[in-house]
Amino acid sequence: MRYRRILALFLPILAVAGCDDDGITDNGAPDPAALVRFMNVVPDRGTVDLRFIDRVENLPMFQGVAFRSHSGMYQRVTPGARHVRIFPNSENPDTTKQILIDEVVQLNADQRYTLIYAGMATGNQHELVVMQDPITLPSPGAGQIALQVLHAAVGVGNVDVYITPTEPDEEHADPLNEAVAVINGLGYLSSDGYVNLPALPSTGASAYQFTVTNAGSTTPLFTQIVDKPGIPAPSSGSYGAQPGFQIGGSVMTAVLAAGPAVFLAADKTLDP
């Protein structure tokens with residue numbers, strides 16, 4: 001069966017002044033930290049909160065993270081063995097008492113992590129996956145963006161992913177042969193590193209189409225056009241551009257989730 005989705009995906013505009021690539025203002029030598037973000041790809045649970053419960057200070061809370069979404073940019077977390085719990089997000093206190101995940105995770109200083117709430121809640125087939133990301137993110141050249149694809153669609157085996165420029169409201173007629181990048185044999189809960197793609201123009205083929213097949217097959221499982229242009233930096237230079245497919249230098253992750261669907265996460269801020 002073939003599915004088609006056309007989504008406009010939005011990432012928060014981040015005001016950046018004197019920031020490094022994790023979006024944290026440098027006010028001197030900071031304490032050692034791990035850099036952490038959180039994604040929710042469990043299709044039968046809904047919105048959740050992730051909390052570090054072993055201490056209060058210098059530990060963020062990732063609250064209100066809906067299915068097929070993420071917590072935003074990496075946050076600084078005090079390194080060490082951190083006790084983590086995931087709860088349903090609700091205004092009903094009886095609901096929020098339910099503990100979905102209760103684990104201790106090791107987070108090392110000067111490392112970058114994506115914590116992924118994955119699997120299926122039904123039958124307690126869910127888990128917290130700790131994925132270690134590159135500490136040094138790529139810096140694509142002029143007119144380029146860097147994109148990695150993360151396969152987090154539960155129940156889907158190894159896939160090939162074809163990435164093809166197209167118009168935002170029209171599927172490409174030949175997305176496999178006209179793809180500018182192909183990721184082959186991508187397994188569940190894995191990524192295959194960053195690939196450089198052309199930054200797209202503001203008119204015409206201004207979006208990217210993701211065509212996903214079973215590994216080794218040319219029959220699409222689903223196709224989705226992702227219209228995420230980004231926003232240029234203001235002329236005042238008060239903050240950097242919002243990452244997107246039309247903004248050179250953008251570094252992003254495209255996440256394959258159950259549905260099926262693709263959502264984007266910006267991996268670093270852009271300097272003014």
# chains A, B, ... in the order shown; residues from 1 in each chain; ligands from 1
>>> select_by_dssp(residues="segment 15-242 of chain A", states="helix (DSSP H, G or I)", output="list in words")
Pro93, Asp94, Thr95, Thr96, Thr122, Gly123 and Asn124 of chain A
>>> write_last_selection(atoms="N, CA and C atoms", output="CSV table (one decimal), in the first residue's frame")
chain,number,residue,atom,x,y,z
A,93,PRO,N,-3.6,14.5,37.4
A,93,PRO,CA,-2.5,14.0,38.2
A,93,PRO,C,-2.5,12.5,38.3
A,94,ASP,N,-3.6,11.8,38.2
A,94,ASP,CA,-3.6,10.4,38.3
A,94,ASP,C,-3.0,9.8,37.1
A,95,THR,N,-3.1,10.4,35.9
A,95,THR,CA,-2.5,10.0,34.7
A,95,THR,C,-1.0,10.2,34.7
A,96,THR,N,-0.6,11.3,35.2
A,96,THR,CA,0.9,11.6,35.2
A,96,THR,C,1.7,10.8,36.3
A,122,THR,N,1.7,-0.7,23.8
A,122,THR,CA,0.9,-1.9,23.9
A,122,THR,C,1.7,-3.1,24.2
A,123,GLY,N,1.4,-3.8,25.3
A,123,GLY,CA,2.2,-5.0,25.6
A,123,GLY,C,3.6,-4.6,26.2
A,124,ASN,N,3.8,-3.3,26.6
A,124,ASN,CA,5.1,-2.9,27.2
A,124,ASN,C,6.2,-3.2,26.2
>>> select_by_dssp(residues="segment 100-198 of chain A", states="strand (DSSP E)", output="PyMOL selection string")
chain A and resi 101-107+112-120+125-133+144-152+159-166+181-186+190-191+195-198
>>> residues_around(residues="Ile247 of chain A", least_positions_apart="3", cutoff="8 Å", atoms="only C-alpha atoms", output="PDB file with C-alpha atoms, in the first residue's frame")
ATOM      1  CA  GLY A 143      24.930  26.184  -1.297  1.00  0.00           C
ATOM      2  CA  ILE A 145      22.915  21.398   3.547  1.00  0.00           C
ATOM      3  CA  ALA A 199      20.257  23.901  -0.792  1.00  0.00           C
ATOM      4  CA  LEU A 200      17.038  24.418  -2.745  1.00  0.00           C
ATOM      5  CA  PRO A 229      12.276  26.029   3.515  1.00  0.00           C
ATOM      6  CA  GLY A 230      13.758  27.637   6.628  1.00  0.00           C
ATOM      7  CA  ILE A 231      13.899  31.384   7.267  1.00  0.00           C
ATOM      8  CA  PRO A 232      16.822  33.655   6.299  1.00  0.00           C
ATOM      9  CA  ALA A 241      18.784  31.879   9.997  1.00  0.00           C
ATOM     10  CA  GLN A 242      16.259  29.199  10.859  1.00  0.00           C
ATOM     11  CA  PRO A 243      17.534  25.924   9.342  1.00  0.00           C
ATOM     12  CA  GLY A 244      15.708  24.501   6.357  1.00  0.00           C
ATOM     13  CA  SER A 250      21.689  23.817   7.640  1.00  0.00           C
TER      14      SER A 250
END
>>> atom_distance(atom1="atom CA of Phe87 of chain A", atom2="atom CA of Val48 of chain A")
5.6 Å
>>> residues_around(residues="Asp110 of chain A", least_positions_apart="3", cutoff="8 Å", atoms="only C-alpha atoms", output="ChimeraX atom specification")
/A:32-35,135
>>> write_last_selection(atoms="N, CA and C atoms", output="tab-separated table (two decimals), in the first residue's frame")
chain	number	residue	atom	x	y	z
A	32	PRO	N	31.60	20.89	32.58
A	32	PRO	CA	31.45	19.78	31.63
A	32	PRO	C	30.00	19.35	31.53
A	33	ALA	N	29.58	18.99	30.32
A	33	ALA	CA	28.19	18.62	30.11
A	33	ALA	C	28.08	17.64	28.95
A	34	ALA	N	27.04	16.81	29.01
A	34	ALA	CA	26.58	16.06	27.85
A	34	ALA	C	25.52	16.91	27.16
A	35	LEU	N	25.40	16.77	25.85
A	35	LEU	CA	24.40	17.48	25.07
A	35	LEU	C	23.31	16.48	24.68
A	135	ILE	N	29.89	14.26	18.03
A	135	ILE	CA	30.08	15.46	18.85
A	135	ILE	C	30.38	16.66	17.97
>>> residues_around(residues="Ala66 of chain A", least_positions_apart="2", cutoff="6 Å", atoms="only C-alpha atoms", output="MDAnalysis selection string")
chainID A and resid 46:47 69
>>> closest_residue(among="A:Glu178, A:Asp267, A:Glu103, A:Glu91", to="Phe52 of chain A", atoms="only C-alpha atoms")
A:Glu103
>>> residues_around(residues="His126 of chain A", least_positions_apart="6", cutoff="12 Å", atoms="only C-alpha atoms", output="PyMOL selection string")
chain A and resi 40-45+86+100-102+116-120+154
